[in-house]
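Student: Structure provided below as structure tokens; questions to follow.
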Amino acid sequence: MKYNLSAIMTRAWRIYRKSPELTFGECLHRSWLSAKAEDANKERIEAAKSAAGITEETDTWAGWKKAGFEVIHGSKALFGADLIWGSRGDGKVYKARFFGRSQVQELETA
């Protein structure tokens, strides 16, 4: 497996700037944990998506917001997946909920 070293270093610096109490070595460690968890997380998402029988494009609430969309108020998540969060340094699992393309609308720009 090849890793994008530039992305790993960029993530390490981002963590370091957000958390001045951490050493850069710890931030780099957390960045590597996140990079290694990405493949496992993708597999978990695909498995949960296929188990739920979902075929449309899906993402988390934060993922849709980053893409310029908002989840329609009252929408229920189509499925959930237990994902590894390496950037906290503990490698713990967290629950992520996914919404479909049909449950979002474009953000209004003022």
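Note on naming: chains are A, B, ... as they come in the structure tokens, residues start from 1 per chain, ligands start from 1 in the order shown.
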For stretch 54-67 of chain A, list every protein, DNA or RNA residue within 12 Å, evaluated using only C-alpha atoms, and leave out those in the same chain fewer than 3 positions away; present the list as a compact mmCIF listing (two decimals) with C-alpha atoms, in the first residue's frame.

Tutor:
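Saved file out.txt follows:
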```txt
# COMPACT_ATOMS: atom_id res chain seq x y z
CA LYS A 42 -13.99 2.77 3.24
CA ILE A 45 -18.87 2.21 4.79
CA GLU A 46 -19.37 0.08 1.66
CA ALA A 47 -20.37 -2.96 3.73
CA ALA A 48 -22.93 -0.96 5.74
CA LYS A 49 -24.24 0.72 2.58
CA SER A 50 -24.74 -2.57 0.74
CA ALA A 51 -26.28 -4.21 3.84
CA GLU A 70 -27.37 20.84 3.81
CA VAL A 71 -29.35 17.88 5.10
CA ILE A 72 -33.08 18.62 4.95
CA HIS A 73 -34.47 19.15 8.44
CA SER A 75 -34.25 13.58 7.54
CA LYS A 76 -33.26 10.30 9.13
CA ALA A 77 -29.88 8.74 8.35
CA LEU A 78 -30.09 5.93 5.80
CA PHE A 79 -27.44 3.85 7.57
CA GLY A 80 -24.63 4.06 10.05
CA ALA A 81 -21.10 2.67 10.19
CA LEU A 83 -15.38 4.05 11.78
CA LYS A 95 -20.45 5.95 14.88
CA ALA A 96 -20.99 7.86 11.66
CA ARG A 97 -24.41 8.35 10.11
CA PHE A 98 -24.88 8.71 6.38
CA PHE A 99 -27.49 10.63 4.40
CA GLY A 100 -28.41 10.16 0.74
CA ARG A 101 -28.33 12.67 -2.10
CA SER A 102 -32.14 12.72 -2.08
CA GLN A 103 -32.06 14.02 1.53
CA VAL A 104 -29.97 17.14 0.88
CA GLN A 105 -30.41 20.50 -0.79
CA GLU A 106 -27.90 23.09 -1.93
CA LEU A 107 -26.92 25.68 0.62
CA GLU A 108 -28.45 29.06 0.02
```

Student: As a ChimeraX atom specification, list the residues of chain A assigned to strand (DSSP E or B) by DSSP on the backbone atoms of this structure.

Tutor: /A:58-59,69-71,79-84,93-100,104-106

Student: Please determine, counting only C-alpha atoms, which residue among A:Cys27, A:Met1, A:Val93, A:Ala40 has the shortest atom-to-atom distance to A:Ile15.

Tutor: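 Smallest separation from A:Ile15 among the options: A:Cys27.
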
Student: From the set A:Glu43, A:Ile84, A:Phe69, A:Trp32, which residue has the shortest atom-to-atom contact distance to A:Asn4, counting only C-alpha atoms?

Tutor: A:Trp32

Student: Among chain A, which ones does DSSP assign to alpha helix (DSSP H) (computed from the backbone)? Answer as a ChimeraX atom specification.

Tutor: /A:5-18,24-52,61-66

Student: Set the distance at 8 Å and use only C-alpha atoms: which residues neighbour A:His29 once local chain neighbours fewer than 3 positions away are removed? I'd like the list as a VMD selection string.

Tutor: chain A and resid 12 25 to 26 32 to 33 89

Student: Pick the closest to A:Ala35 from A:Tyr3, A:Ala52, A:Arg14, A:Pro20: which is it, counting only C-alpha atoms?

Tutor: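 When distances to A:Ala35 are compared using only C-alpha atoms, the smallest one comes from A:Tyr3.
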
Student: Rounded to one decimal, what separation in Å do you get between atom CA of A:Arg44 and atom CA of A:Trp85?

Tutor: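 Atom CA of A:Trp85 lies 12.9 Å from atom CA of A:Arg44.
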
Student: Rounded to one decimal, what separation in Å do you get between atom CA of A:Ser34 and atom CA of A:Thr10?

Tutor: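 Interatomic distance here is 12.2 Å.
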
Student: I'd like the interatomic distance between atom CA of A:Ile8 and atom CA of A:Ser31, to a tenth of an Å.

Tutor: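 Calculated distance between atom CA of A:Ile8 and atom CA of A:Ser31 is 5.7 Å.
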
Student: With distances taken over only C-alpha atoms, which of A:Ser6, A:Gly53, A:Thr109, A:Trp13 is nearest to A:Gly68?

Tutor: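 Closest candidate: A:Thr109.
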